[in-house]
Amino acid sequence: MMILAAGDTSKEESSIAGREELLPASVRNESNVTANGDHDVEGPPKKVARLSTTHFRKPLTNQELNELKETESLYKSNLFKLQVSELIAEVSVKAKRQRTVEVYVNELQKCLLKLSSSKSHKLIDQEWLTKRGVNIPLEQEPWEVKGNFKFVPPTHVHSVGSFSAGLSCKPHVHADIAVEIPLECLQEKDNLNHRYHRKRVLYLSFIATKIVKLHSLVASVNFTYHQGEHMKPILVITPPGKLGKHCAVRLHTCIPQDFFKFSRFSPSKNNVRSTWYKNGIESEVTLVDHSEPATPHYNNSLLMDMTHSKNTCFLQQTLEGAESIQHATLLLKVWLRQRDLDQGRGAFTGFVMSMFAAYLLRKGKLSRVMSSYQVVRIVLHELVEADWMNKGISLAETAEGSCPCLTEFDKAFDVVFVDVSGYVNFCASLLCTTFLRVQHEAQLSMEHLNCNTADSFHHILMKKIPFARKFDHLFRVENIELLSAVAQRQFSAQLMDRCGDAVSAVLPHVIKVLQQGLGKRVRLLDIKLETTPKWCIDTCHPALTRGSLAFGLLLNDEYASSLLERGPDANTTMAEEFREFWGERAELRRFQDGSIREAVLWPGKTIAEKRVVCSHIVKHLLKMHFGVNEASVIYRADCLDALLTLPLRYKDPEALTYGTGEEANVHLLRCFDTLTAQLRGLDDLPLTITSVQGTSPAFRFTEVLPPVPSSTCGTASIVDSVAVPRANKPTPPWVPTMKVIVHMEGTGKWPETAQAVRRVKAAFHLKLAALLKEQCSLSCSAYPTHLDVFKDGFMFRLQVAYHREIVLMKQIHGADGTLRVRDTPASVTLARETEDLPVLTTSLHGVQQQHNSYGTSCRLFKRWLSAQLLLDHFTEETLDLLVAHVYLHSTPYTVPSSPITGFLRVLNLVATTDWKRHPVIVNFNDQLTSSDYASIQEEFQANRTTLPPMYLVTSYSAHAATWTRHKPTVQILHRFTQLAQVALPVIEEQLMSEEVQNVDFKQIFRAPLDIYDIIVHLQPRHLPRRHYTVDLPKSAYTPTCKPYVKRADEHMPVTEFDPAQCYLSELRETYGEFALFFHDRYGGNLIGVLWKPHLFQSSDPMVSHMAARLPTSPSSTKLLPNVQGILEGFKLLGQGLVTSVDCKTENWNTIS
């Protein structure tokens, strides 16, 4: 399928784009017509008739004008209409395939009607069937039950479901047929005590033993559960040959509509006697027993088999001729499928969506003349406004005297949507969390459809939304067999109604408790709908209590990290309920307003600990109310935190607790604020400081491992009050510099030449150093280009800026004395550092303030990229902007509220973006309009060959890829995408894994080394960040964290001294034309080298290209790189740092 590139299209563009489509068919097909008027046939090519321009000169006809007008009024744009039409054509079952399936179904129906009868057996006598090679797919507890079973061929075989209504959606096409169980197989009281359910299973099992032998008609026969309901197994029949690859037939059972009275199955009636269910004794029972608890779910399960045909007929008749509504139903099914909401027990099925569309049509909220786009919008809007949990809806036209009222359904079920009979609830097994999720997704989709700057078609209908990527926190409850004991003890009536399914009986209560306990901390709680299993007819069916339950939490940023649960006033009824709910965690506390209230306080000192406060709540409530111990709850919200933690030893209780670095970053910013105040308060400055802006990643909370205050020089020696590294000693501790731009006021005192401005700036650096030493007692070191200030254990690098310096650097004096103004490399670099970067840092800092998980997500992303040895090939700003794009343009998700979710989504962005065809636009503060987006896209398409491989723009530089102009290269970008495509499914699978102990979350943070031609190993003792490594040995060196104390003889520490980075710079400068170099700056102890293959082709000698080359032979004038000499150069440049150089000969042979 070809989906056109999405984007906003104006009305004028829509009219032009739609012109060709609206031309007469004779013109549109003219290119496929030969000169003599015949269509293309096999044979030699013939001369194609010349297109006449007469058609293009003709004015549009009334019909064409009407179609254009309808496109503008009925669709979002002409492009959107084309995309929708293409998608509908792709997911619809083609007429030819439809006829083929219908023919197959007719043949199968004939075989089913010709089956022979069997002898009569007691219901508990099933050995006669098991001998035929079928394993009865039903939990039969209690075993004893009265009744007989005799197989008699079905009287009718009905086509039911979406396929018969023409609403089946690819790729999973299922034709549903229902065999009507004859009256001879049924008895008057079969509605009681699981009798009918056992008979229907035996009926299907007997059919399975017969049709499995029809090899010419059947390729395989399997059992599965209908919508995950364990009491309703059905047969899945796969046709042979090519047809079986595209569709399957699902075989259901149904009952004659007049066999049972519908009134027996009202939600308030009982059809499972407690004496039989609890004791296994089935005495004489009456049809009605008002003393028994109601069994609404059991009743609904049986009623579904009585109303199959009636509901299918209603759907066919209602939507007959309403093509646009049928197409909209297909789109809505795709919408559900992309969100995994339509499969498994408790799913919001496509059939329910179809019936809801029919309901809206009957109520007059839909019209047959509406477009499919309008229908989709209205259905989504009605879903958002619906309140099926408190006030259900019904398809029944009139309420008969015996028909139960909706209030009765509302009391019995969580979600209510009643069918045309007035007795069946389509949503009987639908959990309230799933319905709330559907409403939530519908609300998001409506917002995206209303957004003119987003590609709403792609995000709403084409983008998959996995469970792991949707939610902020994921947790899994193992050992769900523990719920059986809870169900027996506390929810026996619900357990009997659910026919022994303890999970279904307890789960609504688990949801209610978790929703109450989490309160405002979460916006949405949902349970992952597990795919319904399928198994062979001769194998045992899945156990009810096997597996686990996966939950997802969508957090509310404002309250998610709150440690205090404030309860009601003491000595009240509500206080007693509060203590009963929270148990031993509840305590009386006095608050600042003087009130004494019940409260619960959760542990948490660092921001990392506060992020997982929901885990403490979930584990406590599950243990207290349902007996699920904490070891059975796998909560993985902090599984990657270890990668953002410094391995420090704490000997002083007053030392700064590092956590995952947020506290260190906040401490750094406070120190910077103090320094800013001191700078603004300096006396005797010739000019006023107008602004002080930090530009390092730490100022936008994106420094991978924020520094801690340093008060030691390590092994460095002191020369003129400055620490200097010593030879043959371990490298001093890593002390990064925080870059700060200090803007001075613009006056006439500034000179008019760039060189003179640089000298004045150097003088300012000297002056600032002197004043800071004198007035603030700070250690300073001035240089012509910057000023280093050591304050409270942090090193700040100040750079004075003058706004006109950029203009002066652009001025070029010609030989004839003329003055020209144009960009130069120096002016562009200065503008980026002193103007663009401060603005970007301020904007990204604002993103962090608005979404507190942004910085941590960005740090995880950069840590992963560095671990893959690629971080040096990107600018830090590029990576920060990619993560910002995920937060500012979160469609079709909500904004991430946890670091892991942000990390997953930026991996998905990298893995799925087509960098050749699409720019990445970061729209800060929604400054860009739809016309701006169109302009950027148009310029991108027109100039693609001259633009960088990754075209990333912001609202501050909409037509300039400031941060990706020089890197990454095409090859690095391709490798970047490949790594993300591999890492994303691995980490998502690990997050959803049922394994408790054997999940290695650091797996994607280990770089594969087999792709490199050479590995250069480095001496760890000379790497100041060696303890940052992903896999730190237990015996490795870990520094001690001490609180910073200012000393009288304080010296300037060694700053930004990393021998590995110095070595890399020399390698790239010397051998950059031969190879690419890769390194993990956060603890990496090796350098990967990749040869550039095109340079290993023999070349003619040139003066500028003689270095590191040798003749191919003594008599040849052709040159090749001197590999052995280059390898020796690697060792010489890294003498004392390099321990070994491993050359992978197989890779080298491939290149050479």
# chains A, B, ... in the order shown; residues from 1 in each chain; ligands from 1
$ residues_around --residues "Ser445 in chain A" --least-positions-apart "2" --cutoff "9 Å" --atoms "only C-alpha atoms" --output "PyMOL selection string"
chain A and resi 377+380+440-443+447-450+456+459-460+891-892
$ write_last_selection --atoms "N, CA, C and O atoms" --output "short mmCIF file (atom, residue, chain, number, x, y, z; two decimals), in the first residue's frame"
data_model
loop_
_atom_site.label_atom_id
_atom_site.label_comp_id
_atom_site.auth_asym_id
_atom_site.auth_seq_id
_atom_site.Cartn_x
_atom_site.Cartn_y
_atom_site.Cartn_z
N ARG A 377 -15.22 11.04 13.12
CA ARG A 377 -15.17 12.13 14.10
C ARG A 377 -16.35 12.06 15.06
O ARG A 377 -16.18 12.22 16.28
N LEU A 380 -16.04 9.00 17.46
CA LEU A 380 -15.05 9.27 18.51
C LEU A 380 -15.57 10.30 19.50
O LEU A 380 -15.36 10.16 20.72
N HIS A 440 -10.18 7.66 26.53
CA HIS A 440 -8.96 8.45 26.56
C HIS A 440 -8.33 8.53 25.16
O HIS A 440 -7.94 9.63 24.71
N GLU A 441 -8.26 7.41 24.47
CA GLU A 441 -7.68 7.40 23.13
C GLU A 441 -8.55 8.19 22.16
O GLU A 441 -8.04 8.87 21.26
N ALA A 442 -9.86 8.10 22.33
CA ALA A 442 -10.76 8.86 21.46
C ALA A 442 -10.57 10.36 21.68
O ALA A 442 -10.58 11.14 20.72
N GLN A 443 -10.39 10.77 22.94
CA GLN A 443 -10.16 12.18 23.24
C GLN A 443 -8.86 12.66 22.59
O GLN A 443 -8.81 13.74 21.98
N GLU A 447 -8.33 15.51 19.51
CA GLU A 447 -7.40 16.65 19.61
C GLU A 447 -6.44 16.67 18.43
O GLU A 447 -6.14 17.74 17.89
N HIS A 448 -5.97 15.50 18.02
CA HIS A 448 -5.03 15.45 16.91
C HIS A 448 -5.72 15.80 15.59
O HIS A 448 -5.12 16.45 14.73
N LEU A 449 -6.98 15.39 15.43
CA LEU A 449 -7.71 15.74 14.22
C LEU A 449 -7.94 17.24 14.12
O LEU A 449 -8.02 17.80 13.03
N ASN A 450 -8.04 17.88 15.27
CA ASN A 450 -8.26 19.33 15.28
C ASN A 450 -6.97 20.12 15.12
O ASN A 450 -7.01 21.34 14.99
N SER A 456 -2.24 14.09 11.19
CA SER A 456 -3.22 13.36 11.99
C SER A 456 -3.52 11.98 11.41
O SER A 456 -3.73 11.03 12.16
N HIS A 459 -0.64 9.56 12.45
CA HIS A 459 -0.55 9.32 13.89
C HIS A 459 -1.76 8.57 14.42
O HIS A 459 -1.63 7.77 15.35
N ILE A 460 -2.93 8.79 13.86
CA ILE A 460 -4.14 8.19 14.41
C ILE A 460 -4.40 6.80 13.84
O ILE A 460 -4.81 5.89 14.57
N THR A 891 2.08 13.38 19.84
CA THR A 891 1.08 12.65 19.07
C THR A 891 1.65 11.29 18.62
O THR A 891 2.77 11.23 18.13
N PRO A 892 0.87 10.20 18.76
CA PRO A 892 -0.49 10.07 19.27
C PRO A 892 -0.56 9.70 20.75
O PRO A 892 -1.56 9.15 21.20
#
$ select_by_dssp --residues "range 638-773 of chain A" --states "alpha helix (DSSP H)" --output "number ranges by chain"
A: 662-680, 754-773
$ select_by_dssp --residues "range 759-944 of chain A" --states "strand (DSSP E or B)" --output "list in words"
Ser779, Cys780, Ser781, Ala782, Leu787, Asp788, Val789, Phe790, Lys791, Phe794, Met795, Phe796, Arg797, Leu798, Gln799, Val800, Ala801, Gln811, Ile812, His813, Leu819, Arg820, Val821, Val920, Ile921 and Val922 of chain A
$ residues_around --residues "Asp526 in chain A" --least-positions-apart "3" --cutoff "8 Å" --atoms "only C-alpha atoms" --output "VMD selection string"
chain A and resid 433 to 434 437 551 to 553
$ closest_atom_pairs --of "range 535-560 of chain A" --to "range 462-485 of chain A" --cutoff "12 Å" --atoms "only C-alpha atoms" --output "tab-separated table"
residue	atom	partner	partner_atom	distance
A:Ala543	CA	A:Glu481	CA	10.0
A:Leu544	CA	A:Glu481	CA	8.5
A:Thr545	CA	A:Glu481	CA	5.0
A:Arg546	CA	A:Ile480	CA	7.2
A:Gly547	CA	A:Glu478	CA	7.0
A:Ser548	CA	A:Glu478	CA	4.8
A:Leu549	CA	A:Val477	CA	5.2
A:Ala550	CA	A:Arg476	CA	4.4
A:Phe551	CA	A:Phe475	CA	5.4
A:Gly552	CA	A:Leu474	CA	4.7
A:Leu553	CA	A:His473	CA	5.1
A:Leu554	CA	A:Phe471	CA	5.1
A:Leu555	CA	A:Asp472	CA	6.3
A:Asn556	CA	A:Asp472	CA	9.7
A:Asp557	CA	A:Asp472	CA	10.5
A:Ala560	CA	A:Asp472	CA	10.6
$ residues_around --residues "range 228-245 of chain A" --least-positions-apart "5" --cutoff "8 Å" --atoms "only C-alpha atoms" --output "MDAnalysis selection string"
chainID A and resid 101 137:139 197 201 204 208 215:223 250:252 301 344:346 499 501 531:532 544
$ write_last_selection --atoms "N, CA and C atoms" --output "PDB file, in the first residue's frame"
ATOM      1  N   VAL A 101     -14.082 -16.891  -0.217  1.00  0.00           N
ATOM      2  CA  VAL A 101     -14.370 -17.301   1.157  1.00  0.00           C
ATOM      3  C   VAL A 101     -15.814 -17.774   1.282  1.00  0.00           C
ATOM      4  N   PRO A 137     -12.085 -28.967  25.826  1.00  0.00           N
ATOM      5  CA  PRO A 137     -11.467 -27.673  26.182  1.00  0.00           C
ATOM      6  C   PRO A 137     -12.290 -26.873  27.178  1.00  0.00           C
ATOM      7  N   LEU A 138     -12.562 -27.448  28.338  1.00  0.00           N
ATOM      8  CA  LEU A 138     -13.408 -26.750  29.301  1.00  0.00           C
ATOM      9  C   LEU A 138     -13.038 -27.151  30.716  1.00  0.00           C
ATOM     10  N   GLU A 139     -13.001 -26.145  31.613  1.00  0.00           N
ATOM     11  CA  GLU A 139     -12.860 -26.423  33.052  1.00  0.00           C
ATOM     12  C   GLU A 139     -14.209 -26.910  33.571  1.00  0.00           C
ATOM     13  N   HIS A 197     -23.309 -25.075  28.585  1.00  0.00           N
ATOM     14  CA  HIS A 197     -21.929 -24.835  28.190  1.00  0.00           C
ATOM     15  C   HIS A 197     -21.179 -26.140  27.952  1.00  0.00           C
ATOM     16  N   VAL A 201     -19.747 -27.486  24.212  1.00  0.00           N
ATOM     17  CA  VAL A 201     -18.359 -27.908  24.044  1.00  0.00           C
ATOM     18  C   VAL A 201     -18.303 -29.321  23.474  1.00  0.00           C
ATOM     19  N   LEU A 204     -19.173 -29.116  19.748  1.00  0.00           N
ATOM     20  CA  LEU A 204     -18.055 -28.645  18.919  1.00  0.00           C
ATOM     21  C   LEU A 204     -16.938 -29.676  18.860  1.00  0.00           C
ATOM     22  N   ALA A 208     -15.295 -31.389  15.617  1.00  0.00           N
ATOM     23  CA  ALA A 208     -13.856 -31.335  15.373  1.00  0.00           C
ATOM     24  C   ALA A 208     -13.313 -32.699  14.987  1.00  0.00           C
ATOM     25  N   HIS A 215      -9.333 -33.642   4.769  1.00  0.00           N
ATOM     26  CA  HIS A 215      -8.081 -32.989   4.400  1.00  0.00           C
ATOM     27  C   HIS A 215      -8.220 -32.125   3.154  1.00  0.00           C
ATOM     28  N   SER A 216      -9.159 -32.471   2.295  1.00  0.00           N
ATOM     29  CA  SER A 216      -9.343 -31.658   1.092  1.00  0.00           C
ATOM     30  C   SER A 216     -10.028 -30.338   1.394  1.00  0.00           C
ATOM     31  N   LEU A 217     -10.687 -30.258   2.554  1.00  0.00           N
ATOM     32  CA  LEU A 217     -11.441 -29.055   2.914  1.00  0.00           C
ATOM     33  C   LEU A 217     -10.830 -28.306   4.083  1.00  0.00           C
ATOM     34  N   VAL A 218     -10.070 -29.012   4.895  1.00  0.00           N
ATOM     35  CA  VAL A 218      -9.561 -28.422   6.142  1.00  0.00           C
ATOM     36  C   VAL A 218      -8.066 -28.695   6.255  1.00  0.00           C
ATOM     37  N   ALA A 219      -7.303 -27.636   6.505  1.00  0.00           N
ATOM     38  CA  ALA A 219      -5.863 -27.789   6.723  1.00  0.00           C
ATOM     39  C   ALA A 219      -5.554 -28.064   8.188  1.00  0.00           C
ATOM     40  N   SER A 220      -6.257 -27.387   9.095  1.00  0.00           N
ATOM     41  CA  SER A 220      -6.048 -27.604  10.528  1.00  0.00           C
ATOM     42  C   SER A 220      -7.292 -27.173  11.282  1.00  0.00           C
ATOM     43  N   VAL A 221      -7.465 -27.754  12.459  1.00  0.00           N
ATOM     44  CA  VAL A 221      -8.585 -27.417  13.338  1.00  0.00           C
ATOM     45  C   VAL A 221      -8.014 -27.166  14.723  1.00  0.00           C
ATOM     46  N   ASN A 222      -8.328 -26.020  15.287  1.00  0.00           N
ATOM     47  CA  ASN A 222      -7.836 -25.657  16.610  1.00  0.00           C
ATOM     48  C   ASN A 222      -8.976 -25.124  17.457  1.00  0.00           C
ATOM     49  N   PHE A 223      -8.740 -25.147  18.767  1.00  0.00           N
ATOM     50  CA  PHE A 223      -9.663 -24.518  19.712  1.00  0.00           C
ATOM     51  C   PHE A 223      -9.120 -23.131  20.096  1.00  0.00           C
ATOM     52  N   ARG A 250     -14.282 -19.322  11.937  1.00  0.00           N
ATOM     53  CA  ARG A 250     -14.532 -19.574  13.364  1.00  0.00           C
ATOM     54  C   ARG A 250     -15.926 -20.160  13.506  1.00  0.00           C
ATOM     55  N   LEU A 251     -15.984 -21.308  14.162  1.00  0.00           N
ATOM     56  CA  LEU A 251     -17.245 -22.051  14.297  1.00  0.00           C
ATOM     57  C   LEU A 251     -17.814 -21.857  15.696  1.00  0.00           C
ATOM     58  N   HIS A 252     -19.003 -21.250  15.767  1.00  0.00           N
ATOM     59  CA  HIS A 252     -19.703 -21.008  17.022  1.00  0.00           C
ATOM     60  C   HIS A 252     -20.912 -21.933  17.106  1.00  0.00           C
ATOM     61  N   SER A 301     -23.580 -14.895  28.968  1.00  0.00           N
ATOM     62  CA  SER A 301     -22.823 -15.816  28.133  1.00  0.00           C
ATOM     63  C   SER A 301     -23.743 -16.747  27.369  1.00  0.00           C
ATOM     64  N   GLY A 344      -8.623 -10.233  22.851  1.00  0.00           N
ATOM     65  CA  GLY A 344      -8.425 -10.746  24.199  1.00  0.00           C
ATOM     66  C   GLY A 344      -9.671 -10.571  25.053  1.00  0.00           C
ATOM     67  N   ARG A 345      -9.628 -11.187  26.225  1.00  0.00           N
ATOM     68  CA  ARG A 345     -10.769 -11.096  27.129  1.00  0.00           C
ATOM     69  C   ARG A 345     -10.918  -9.658  27.631  1.00  0.00           C
ATOM     70  N   GLY A 346     -12.152  -9.168  27.586  1.00  0.00           N
ATOM     71  CA  GLY A 346     -12.414  -7.810  28.033  1.00  0.00           C
ATOM     72  C   GLY A 346     -12.098  -6.762  26.993  1.00  0.00           C
ATOM     73  N   CYS A 499     -17.970 -18.624  36.746  1.00  0.00           N
ATOM     74  CA  CYS A 499     -17.727 -20.037  36.462  1.00  0.00           C
ATOM     75  C   CYS A 499     -16.317 -20.474  36.836  1.00  0.00           C
ATOM     76  N   ASP A 501     -13.585 -18.587  37.233  1.00  0.00           N
ATOM     77  CA  ASP A 501     -12.479 -17.738  36.774  1.00  0.00           C
ATOM     78  C   ASP A 501     -12.164 -16.730  37.873  1.00  0.00           C
ATOM     79  N   THR A 531      -3.483 -11.666  24.276  1.00  0.00           N
ATOM     80  CA  THR A 531      -4.049 -12.310  23.088  1.00  0.00           C
ATOM     81  C   THR A 531      -4.614 -13.674  23.448  1.00  0.00           C
ATOM     82  N   THR A 532      -5.791 -13.966  22.925  1.00  0.00           N
ATOM     83  CA  THR A 532      -6.438 -15.242  23.221  1.00  0.00           C
ATOM     84  C   THR A 532      -5.628 -16.384  22.633  1.00  0.00           C
ATOM     85  N   LEU A 544      -6.639 -21.635  33.880  1.00  0.00           N
ATOM     86  CA  LEU A 544      -7.222 -20.322  34.150  1.00  0.00           C
ATOM     87  C   LEU A 544      -6.266 -19.425  34.927  1.00  0.00           C
TER      88      LEU A 544
END
$ residues_around --residues "Val666 in chain A" --least-positions-apart "4" --cutoff "12 Å" --atoms "only C-alpha atoms" --output "ChimeraX atom specification"
/A:606-607,656-658,660-662,670-673,698-703,706-708,849,855
$ residues_around --residues "Gln1135 in chain A" --least-positions-apart "2" --cutoff "12 Å" --atoms "only C-alpha atoms" --output "MDAnalysis selection string"
chainID A and resid 728 1016:1019 1022 1059:1060 1063 1128:1133 1137:1141
$ residues_around --residues "Trp335 in chain A" --least-positions-apart "3" --cutoff "6 Å" --atoms "only C-alpha atoms" --output "list in words"
Leu332, Gln338 and Leu461 of chain A
$ write_last_selection --atoms "N, CA, C and O atoms" --output "mmCIF file, in the first residue's frame"
data_model
loop_
_atom_site.group_PDB
_atom_site.id
_atom_site.type_symbol
_atom_site.label_atom_id
_atom_site.label_comp_id
_atom_site.auth_asym_id
_atom_site.auth_seq_id
_atom_site.Cartn_x
_atom_site.Cartn_y
_atom_site.Cartn_z
ATOM 1 N N LEU A 332 -12.380 2.668 12.033
ATOM 2 C CA LEU A 332 -12.427 2.575 13.496
ATOM 3 C C LEU A 332 -11.863 1.242 13.984
ATOM 4 O O LEU A 332 -11.254 1.170 15.061
ATOM 5 N N GLN A 338 -4.644 -0.723 16.128
ATOM 6 C CA GLN A 338 -3.359 -0.059 16.350
ATOM 7 C C GLN A 338 -3.097 0.171 17.830
ATOM 8 O O GLN A 338 -1.944 0.336 18.240
ATOM 9 N N LEU A 461 -4.136 6.598 12.563
ATOM 10 C CA LEU A 461 -4.531 5.350 11.922
ATOM 11 C C LEU A 461 -3.367 4.465 11.498
ATOM 12 O O LEU A 461 -3.561 3.272 11.291
#
$ atom_distance --atom1 "CA of Tyr1012 in chain A" --atom2 "CA of Met950 in chain A"
24.0 Å
$ decode --residues "range 521-543 of chain A" --atoms "N, CA and C atoms" --output "CSV table (one decimal), in the first residue's frame"
chain,number,residue,atom,x,y,z
A,521,ARG,N,-2.7,10.7,41.6
A,521,ARG,CA,-1.3,10.4,41.0
A,521,ARG,C,-1.4,9.9,39.6
A,522,VAL,N,-2.5,9.3,39.2
A,522,VAL,CA,-2.6,8.7,37.9
A,522,VAL,C,-3.8,9.3,37.2
A,523,ARG,N,-3.6,9.4,35.9
A,523,ARG,CA,-4.7,9.9,35.0
A,523,ARG,C,-5.5,8.7,34.4
A,524,LEU,N,-4.8,7.6,34.3
A,524,LEU,CA,-5.4,6.4,33.7
A,524,LEU,C,-4.7,5.1,34.2
A,525,LEU,N,-5.5,4.1,34.5
A,525,LEU,CA,-4.9,2.8,34.8
A,525,LEU,C,-5.6,1.8,33.9
A,526,ASP,N,-4.7,0.9,33.3
A,526,ASP,CA,-5.3,0.0,32.4
A,526,ASP,C,-4.5,-1.4,32.6
A,527,ILE,N,-5.2,-2.4,32.1
A,527,ILE,CA,-4.6,-3.8,32.1
A,527,ILE,C,-4.4,-4.2,30.7
A,528,LYS,N,-3.2,-4.8,30.4
A,528,LYS,CA,-2.9,-5.3,29.1
A,528,LYS,C,-3.8,-6.4,28.7
A,529,LEU,N,-4.5,-6.3,27.6
A,529,LEU,CA,-5.3,-7.4,27.1
A,529,LEU,C,-4.4,-8.5,26.4
A,530,GLU,N,-4.4,-9.6,27.0
A,530,GLU,CA,-3.5,-10.7,26.5
A,530,GLU,C,-4.2,-11.3,25.3
A,531,THR,N,-3.5,-11.7,24.3
A,531,THR,CA,-4.0,-12.3,23.1
A,531,THR,C,-4.6,-13.7,23.4
A,532,THR,N,-5.8,-14.0,22.9
A,532,THR,CA,-6.4,-15.2,23.2
A,532,THR,C,-5.6,-16.4,22.6
A,533,PRO,N,-5.3,-17.4,23.4
A,533,PRO,CA,-4.5,-18.5,22.9
A,533,PRO,C,-5.2,-19.4,21.9
A,534,LYS,N,-4.5,-20.1,21.2
A,534,LYS,CA,-5.1,-21.1,20.2
A,534,LYS,C,-4.3,-22.4,20.4
A,535,TRP,N,-5.0,-23.5,20.5
A,535,TRP,CA,-4.3,-24.8,20.7
A,535,TRP,C,-5.0,-25.9,19.9
A,536,CYS,N,-4.2,-27.0,19.7
A,536,CYS,CA,-4.7,-28.1,18.9
A,536,CYS,C,-5.8,-28.9,19.6
A,537,ILE,N,-6.7,-29.5,18.9
A,537,ILE,CA,-7.8,-30.2,19.6
A,537,ILE,C,-7.4,-31.4,20.4
A,538,ASP,N,-6.2,-31.9,20.2
A,538,ASP,CA,-5.8,-33.0,21.0
A,538,ASP,C,-4.9,-32.7,22.2
A,539,THR,N,-4.7,-31.4,22.5
A,539,THR,CA,-3.9,-30.9,23.6
A,539,THR,C,-4.8,-30.3,24.6
A,540,CYS,N,-4.2,-30.1,25.8
A,540,CYS,CA,-5.0,-29.6,27.0
A,540,CYS,C,-5.1,-28.1,26.8
A,541,HIS,N,-6.3,-27.6,27.3
A,541,HIS,CA,-6.5,-26.1,27.2
A,541,HIS,C,-5.7,-25.4,28.3
A,542,PRO,N,-5.4,-24.1,28.1
A,542,PRO,CA,-4.7,-23.3,29.0
A,542,PRO,C,-5.4,-23.3,30.4
A,543,ALA,N,-4.6,-23.3,31.5
A,543,ALA,CA,-5.1,-23.2,32.8
A,543,ALA,C,-5.6,-21.8,33.1
